[in-house]
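> This is the content of model_21.pdb (PDB, C-alpha atoms):
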```pdb
ATOM      1  CA  MET A 851       0.000   0.000   0.000  1.00  0.00           C
ATOM      2  CA  ARG A 852       1.293   3.344  -0.910  1.00  0.00           C
ATOM      3  CA  TRP A 853       1.083   6.377   1.437  1.00  0.00           C
ATOM      4  CA  ARG A 854      -0.416   9.538   0.123  1.00  0.00           C
ATOM      5  CA  ARG A 855       2.037  12.382  -0.134  1.00  0.00           C
ATOM      6  CA  ILE A 856       1.284  15.626   1.694  1.00  0.00           C
ATOM      7  CA  SER A 857       2.749  18.813   0.336  1.00  0.00           C
ATOM      8  CA  VAL A 858       4.493  21.359   2.516  1.00  0.00           C
ATOM      9  CA  ARG A 859       1.753  23.907   1.830  1.00  0.00           C
ATOM     10  CA  THR A 860      -0.984  21.512   3.028  1.00  0.00           C
ATOM     11  CA  LEU A 861       1.046  20.661   6.104  1.00  0.00           C
ATOM     12  CA  MET A 862       1.487  24.378   6.928  1.00  0.00           C
ATOM     13  CA  ILE A 863      -2.265  24.958   6.621  1.00  0.00           C
ATOM     14  CA  ILE A 864      -2.964  22.029   8.972  1.00  0.00           C
ATOM     15  CA  VAL A 865      -0.439  23.351  11.506  1.00  0.00           C
ATOM     16  CA  ALA A 866      -1.979  26.857  11.337  1.00  0.00           C
ATOM     17  CA  ILE A 867      -5.508  25.527  11.945  1.00  0.00           C
ATOM     18  CA  VAL A 868      -4.378  23.372  14.866  1.00  0.00           C
ATOM     19  CA  SER A 869      -2.427  26.267  16.404  1.00  0.00           C
ATOM     20  CA  LEU A 870      -5.462  28.575  16.181  1.00  0.00           C
ATOM     21  CA  GLY A 871      -7.568  25.933  17.918  1.00  0.00           C
ATOM     22  CA  LEU A 872      -4.954  25.561  20.633  1.00  0.00           C
ATOM     23  CA  ALA A 873      -4.739  29.342  21.052  1.00  0.00           C
ATOM     24  CA  VAL A 874      -8.487  29.606  21.621  1.00  0.00           C
ATOM     25  CA  ALA A 875      -8.448  26.654  24.031  1.00  0.00           C
ATOM     26  CA  SER A 876      -5.450  28.020  25.951  1.00  0.00           C
ATOM     27  CA  ARG A 877      -7.144  31.407  26.301  1.00  0.00           C
ATOM     28  CA  GLU A 878     -10.167  29.689  27.835  1.00  0.00           C
ATOM     29  CA  MET A 879      -7.923  27.640  30.114  1.00  0.00           C
ATOM     30  CA  LEU A 880      -6.090  30.789  31.262  1.00  0.00           C
ATOM     31  CA  ALA A 881      -9.426  32.456  32.054  1.00  0.00           C
ATOM     32  CA  ARG A 882     -10.522  29.409  34.064  1.00  0.00           C
ATOM     33  CA  ARG A 883      -7.178  29.358  35.875  1.00  0.00           C
ATOM     34  CA  LYS A 884      -7.560  33.025  36.780  1.00  0.00           C
ATOM     35  CA  SER A 885     -11.086  32.412  38.067  1.00  0.00           C
ATOM     36  CA  HIS A 886      -9.933  29.454  40.172  1.00  0.00           C
ATOM     37  CA  LEU A 887      -7.048  31.476  41.608  1.00  0.00           C
ATOM     38  CA  GLU A 888      -9.515  34.184  42.653  1.00  0.00           C
ATOM     39  CA  TYR A 889     -11.480  31.535  44.540  1.00  0.00           C
ATOM     40  CA  VAL A 890      -8.218  30.327  46.118  1.00  0.00           C
ATOM     41  CA  THR A 891      -7.583  33.887  47.329  1.00  0.00           C
ATOM     42  CA  ILE A 892     -11.104  34.214  48.741  1.00  0.00           C
ATOM     43  CA  PHE A 893     -10.939  30.887  50.576  1.00  0.00           C
ATOM     44  CA  ALA A 894      -7.419  31.598  51.870  1.00  0.00           C
ATOM     45  CA  ARG A 895      -8.606  34.935  53.280  1.00  0.00           C
ATOM     46  CA  GLN A 896     -11.594  33.278  54.951  1.00  0.00           C
ATOM     47  CA  LEU A 897      -9.354  30.526  56.302  1.00  0.00           C
ATOM     48  CA  ALA A 898      -6.996  33.077  57.857  1.00  0.00           C
ATOM     49  CA  HIS A 899      -9.988  34.886  59.397  1.00  0.00           C
ATOM     50  CA  GLU A 900     -11.384  31.719  60.982  1.00  0.00           C
ATOM     51  CA  ARG A 901      -7.940  30.705  62.267  1.00  0.00           C
ATOM     52  CA  GLN A 902      -7.644  34.136  63.884  1.00  0.00           C
ATOM     53  CA  ASN A 903     -11.063  33.562  65.474  1.00  0.00           C
ATOM     54  CA  LEU A 904      -9.778  30.310  66.989  1.00  0.00           C
ATOM     55  CA  VAL A 905      -6.696  32.111  68.347  1.00  0.00           C
ATOM     56  CA  ASP A 906      -8.961  34.805  69.824  1.00  0.00           C
ATOM     57  CA  PHE A 907     -11.244  32.228  71.461  1.00  0.00           C
ATOM     58  CA  GLU A 908      -8.221  30.538  73.020  1.00  0.00           C
ATOM     59  CA  SER A 909      -6.827  33.833  74.328  1.00  0.00           C
ATOM     60  CA  PHE A 910     -10.252  34.786  75.734  1.00  0.00           C
ATOM     61  CA  ARG A 911     -10.446  31.448  77.513  1.00  0.00           C
ATOM     62  CA  ARG A 912      -6.897  31.777  78.892  1.00  0.00           C
ATOM     63  CA  THR A 913      -7.340  35.330  80.161  1.00  0.00           C
ATOM     64  CA  GLY A 914     -10.812  34.720  81.557  1.00  0.00           C
ATOM     65  CA  VAL A 915     -12.418  37.485  79.486  1.00  0.00           C
ATOM     66  CA  VAL A 916     -15.216  35.187  78.323  1.00  0.00           C
ATOM     67  CA  ASN A 917     -18.500  35.609  80.135  1.00  0.00           C
ATOM     68  CA  ASN A 918     -20.421  32.386  79.519  1.00  0.00           C
ATOM     69  CA  THR A 919     -23.749  34.028  80.319  1.00  0.00           C
ATOM     70  CA  ALA A 920     -23.299  36.569  77.515  1.00  0.00           C
ATOM     71  CA  MET A 921     -23.024  34.045  74.683  1.00  0.00           C
ATOM     72  CA  ASP A 922     -22.195  30.416  74.154  1.00  0.00           C
ATOM     73  CA  MET A 923     -18.521  30.567  73.153  1.00  0.00           C
ATOM     74  CA  ASN A 924     -18.265  26.799  72.741  1.00  0.00           C
ATOM     75  CA  LYS A 925     -20.725  26.824  69.852  1.00  0.00           C
ATOM     76  CA  TRP A 926     -18.947  29.738  68.180  1.00  0.00           C
ATOM     77  CA  GLU A 927     -15.627  27.975  68.603  1.00  0.00           C
ATOM     78  CA  GLU A 928     -17.068  24.834  66.995  1.00  0.00           C
ATOM     79  CA  VAL A 929     -18.368  26.982  64.119  1.00  0.00           C
ATOM     80  CA  ALA A 930     -14.855  28.344  63.608  1.00  0.00           C
ATOM     81  CA  ARG A 931     -13.327  24.848  63.745  1.00  0.00           C
ATOM     82  CA  ARG A 932     -15.755  23.485  61.137  1.00  0.00           C
ATOM     83  CA  ARG A 933     -15.173  26.482  58.893  1.00  0.00           C
ATOM     84  CA  VAL A 934     -11.376  26.110  59.129  1.00  0.00           C
ATOM     85  CA  VAL A 935     -11.685  22.565  57.771  1.00  0.00           C
ATOM     86  CA  TYR A 936     -14.200  23.666  55.108  1.00  0.00           C
ATOM     87  CA  TYR A 937     -12.130  26.612  53.848  1.00  0.00           C
ATOM     88  CA  ALA A 938      -8.913  24.541  53.840  1.00  0.00           C
ATOM     89  CA  GLU A 939     -10.597  21.860  51.710  1.00  0.00           C
ATOM     90  CA  MET A 940     -12.077  24.442  49.330  1.00  0.00           C
ATOM     91  CA  GLU A 941      -8.732  26.221  48.968  1.00  0.00           C
ATOM     92  CA  ALA A 942      -6.988  22.924  48.153  1.00  0.00           C
ATOM     93  CA  ALA A 943      -9.691  21.920  45.654  1.00  0.00           C
ATOM     94  CA  PHE A 944      -9.525  25.223  43.784  1.00  0.00           C
ATOM     95  CA  ARG A 945      -5.721  25.265  43.865  1.00  0.00           C
ATOM     96  CA  LEU A 946      -5.773  21.845  42.156  1.00  0.00           C
ATOM     97  CA  ALA A 947      -8.386  23.113  39.682  1.00  0.00           C
ATOM     98  CA  ALA A 948      -6.194  26.139  38.907  1.00  0.00           C
ATOM     99  CA  ASP A 949      -3.247  23.843  38.201  1.00  0.00           C
ATOM    100  CA  GLN A 950      -5.404  21.603  35.990  1.00  0.00           C
ATOM    101  CA  PRO A 951      -7.980  23.905  34.346  1.00  0.00           C
ATOM    102  CA  TRP A 952      -9.113  21.236  31.854  1.00  0.00           C
ATOM    103  CA  ARG A 953     -10.710  19.232  34.658  1.00  0.00           C
ATOM    104  CA  PRO A 954     -14.296  19.943  35.782  1.00  0.00           C
ATOM    105  CA  GLU A 955     -14.809  22.746  38.260  1.00  0.00           C
ATOM    106  CA  PRO A 956     -15.025  21.751  41.911  1.00  0.00           C
ATOM    107  CA  VAL A 957     -18.473  21.889  43.457  1.00  0.00           C
ATOM    108  CA  ILE A 958     -18.828  24.374  46.306  1.00  0.00           C
ATOM    109  CA  PRO A 959     -20.956  22.712  49.000  1.00  0.00           C
ATOM    110  CA  GLY A 960     -22.897  24.729  51.537  1.00  0.00           C
ATOM    111  CA  ASP A 961     -21.284  25.982  54.714  1.00  0.00           C
ATOM    112  CA  PRO A 962     -21.183  22.999  57.117  1.00  0.00           C
ATOM    113  CA  ALA A 963     -21.324  25.275  60.162  1.00  0.00           C
ATOM    114  CA  GLU A 964     -24.257  27.417  59.039  1.00  0.00           C
ATOM    115  CA  GLN A 965     -26.905  25.643  61.118  1.00  0.00           C
ATOM    116  CA  LEU A 966     -24.692  25.698  64.207  1.00  0.00           C
ATOM    117  CA  ALA A 967     -23.956  29.398  63.672  1.00  0.00           C
ATOM    118  CA  TRP A 968     -27.671  30.171  63.564  1.00  0.00           C
ATOM    119  CA  GLU A 969     -28.204  28.146  66.734  1.00  0.00           C
ATOM    120  CA  ALA A 970     -25.371  29.982  68.479  1.00  0.00           C
ATOM    121  CA  ALA A 971     -26.602  33.370  67.313  1.00  0.00           C
ATOM    122  CA  PHE A 972     -30.181  32.853  68.469  1.00  0.00           C
ATOM    123  CA  ASP A 973     -29.666  30.531  71.431  1.00  0.00           C
ATOM    124  CA  LEU A 974     -31.819  31.869  74.255  1.00  0.00           C
ATOM    125  CA  GLU A 975     -30.750  29.327  76.847  1.00  0.00           C
ATOM    126  CA  ALA A 976     -27.125  30.488  77.164  1.00  0.00           C
ATOM    127  CA  PRO A 977     -27.815  34.148  77.979  1.00  0.00           C
ATOM    128  CA  LYS A 978     -30.858  33.347  80.146  1.00  0.00           C
ATOM    129  CA  LEU A 979     -29.545  35.241  83.167  1.00  0.00           C
ATOM    130  CA  GLU A 980     -28.746  38.279  81.047  1.00  0.00           C
ATOM    131  CA  LEU A 981     -32.219  38.207  79.459  1.00  0.00           C
ATOM    132  CA  ASP A 982     -33.870  37.892  82.887  1.00  0.00           C
ATOM    133  CA  ARG A 983     -31.917  40.896  84.134  1.00  0.00           C
ATOM    134  CA  ILE A 984     -32.820  42.954  81.066  1.00  0.00           C
ATOM    135  CA  SER A 985     -36.494  42.020  81.287  1.00  0.00           C
ATOM    136  CA  SER A 986     -36.639  42.971  84.984  1.00  0.00           C
ATOM    137  CA  VAL A 987     -35.064  46.362  84.214  1.00  0.00           C
ATOM    138  CA  LEU A 988     -37.556  46.924  81.382  1.00  0.00           C
ATOM    139  CA  ARG A 989     -40.447  45.970  83.655  1.00  0.00           C
ATOM    140  CA  ALA A 990     -39.234  48.390  86.296  1.00  0.00           C
ATOM    141  CA  LEU A 991     -38.969  51.164  83.723  1.00  0.00           C
ATOM    142  CA  SER A 992     -42.452  50.528  82.320  1.00  0.00           C
ATOM    143  CA  GLU A 993     -44.201  50.674  85.724  1.00  0.00           C
ATOM    144  CA  PRO A 994     -45.365  54.088  86.912  1.00  0.00           C
ATOM    145  CA  PRO A 995     -43.423  55.477  89.854  1.00  0.00           C
ATOM    146  CA  LYS A 996     -44.985  54.661  93.214  1.00  0.00           C
ATOM    147  CA  ALA A 997     -45.826  57.411  95.678  1.00  0.00           C
ATOM    148  CA  GLN A 998     -43.486  57.311  98.602  1.00  0.00           C
ATOM    149  CA  ALA A 999     -45.313  56.340 101.733  1.00  0.00           C
ATOM    150  CA  THR A1000     -44.403  58.047 104.943  1.00  0.00           C
ATOM    151  CA  VAL A1001     -43.125  55.603 107.502  1.00  0.00           C
ATOM    152  CA  PRO A1002     -43.721  56.562 111.113  1.00  0.00           C
ATOM    153  CA  GLU A1003     -40.660  56.554 113.243  1.00  0.00           C
ATOM    154  CA  LEU A1004     -41.050  53.808 115.776  1.00  0.00           C
ATOM    155  CA  ASN A1005     -38.389  54.468 118.342  1.00  0.00           C
ATOM    156  CA  ASP A1006     -38.642  58.206 118.699  1.00  0.00           C
ATOM    157  CA  PRO A1007     -36.771  59.228 121.865  1.00  0.00           C
ATOM    158  CA  ILE A1008     -38.825  62.393 122.301  1.00  0.00           C
ATOM    159  CA  ARG A1009     -42.185  60.659 122.350  1.00  0.00           C
ATOM    160  CA  PRO A1010     -42.046  57.368 124.118  1.00  0.00           C
ATOM    161  CA  GLU A1011     -44.555  54.724 123.152  1.00  0.00           C
ATOM    162  CA  ARG A1012     -47.532  54.197 125.482  1.00  0.00           C
TER     163      ARG A1012
END
```
For the file at hand, write its structure as structure tokens.

Amino acid sequence: MRWRRISVRTLMIIVAIVSLGLAVASREMLARRKSHLEYVTIFARQLAHERQNLVDFESFRRTGVVNNTAMDMNKWEEVARRRVVYYAEMEAAFRLAADQPWRPEPVIPGDPAEQLAWEAAFDLEAPKLELDRISSVLRALSEPPKAQATVPELNDPIRPER
């Protein structure tokens, strides 16, 4: 069997078409890489913020600044711990996607600590003493002032009791 001969001109046209296709594809890949690197930056910033929150919680606990009746610090600390893991995983996934932009984009799941954060934010059992104190002050402010009753002096030395 005899091979068909390809001329230099035909070969140059094929190379030009392939290079244009690669140029378009590489431009798209560079745009995807840039997008993934922006996500890496966002997740890295959030990760640093949550790590700082954990350091702050630890310093509050060590110095005794935390007032457990004001808010439930344990729940907020657990929120920060879950978010540290979440943001570290998301940063790693998008860093890999930036290095390999031809692969499918990573799926961003919901925040795993969202429900716990809502519970910590609106937990009425932890600050119960604080709420009781506030409600008693509000009750006292809403009541009209009472007239001061005169109290007779019982042990008056001038007038002895009979």
> Report as an MDAnalysis selection string the full result of the PyMOL selection byres ((chain A and resi 962) around 9) when it is applied to this structure.
chainID A and resid 929 932:933 936 959:961 963:966
> Pull out every residue that the PyMOL selection byres ((chain A and resi 934) around 9) matches in the shown coordinates and put them as a list in words.
Gln896, Leu897, Ala898, His899, Glu900, Arg901, Val929, Ala930, Arg931, Arg932, Arg933, Val935, Tyr936, Tyr937, Ala938 and Glu939 of chain A
> Find the distance between CA of Trp853 in chain A and CA of Ser869 in chain A and write it in Å to one decimal.
25.1 Å
> Find the distance between CA of Phe944 in chain A and CA of Arg895 in chain A and write it in Å to one decimal.
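These two atoms are separated by 13.6 Å.
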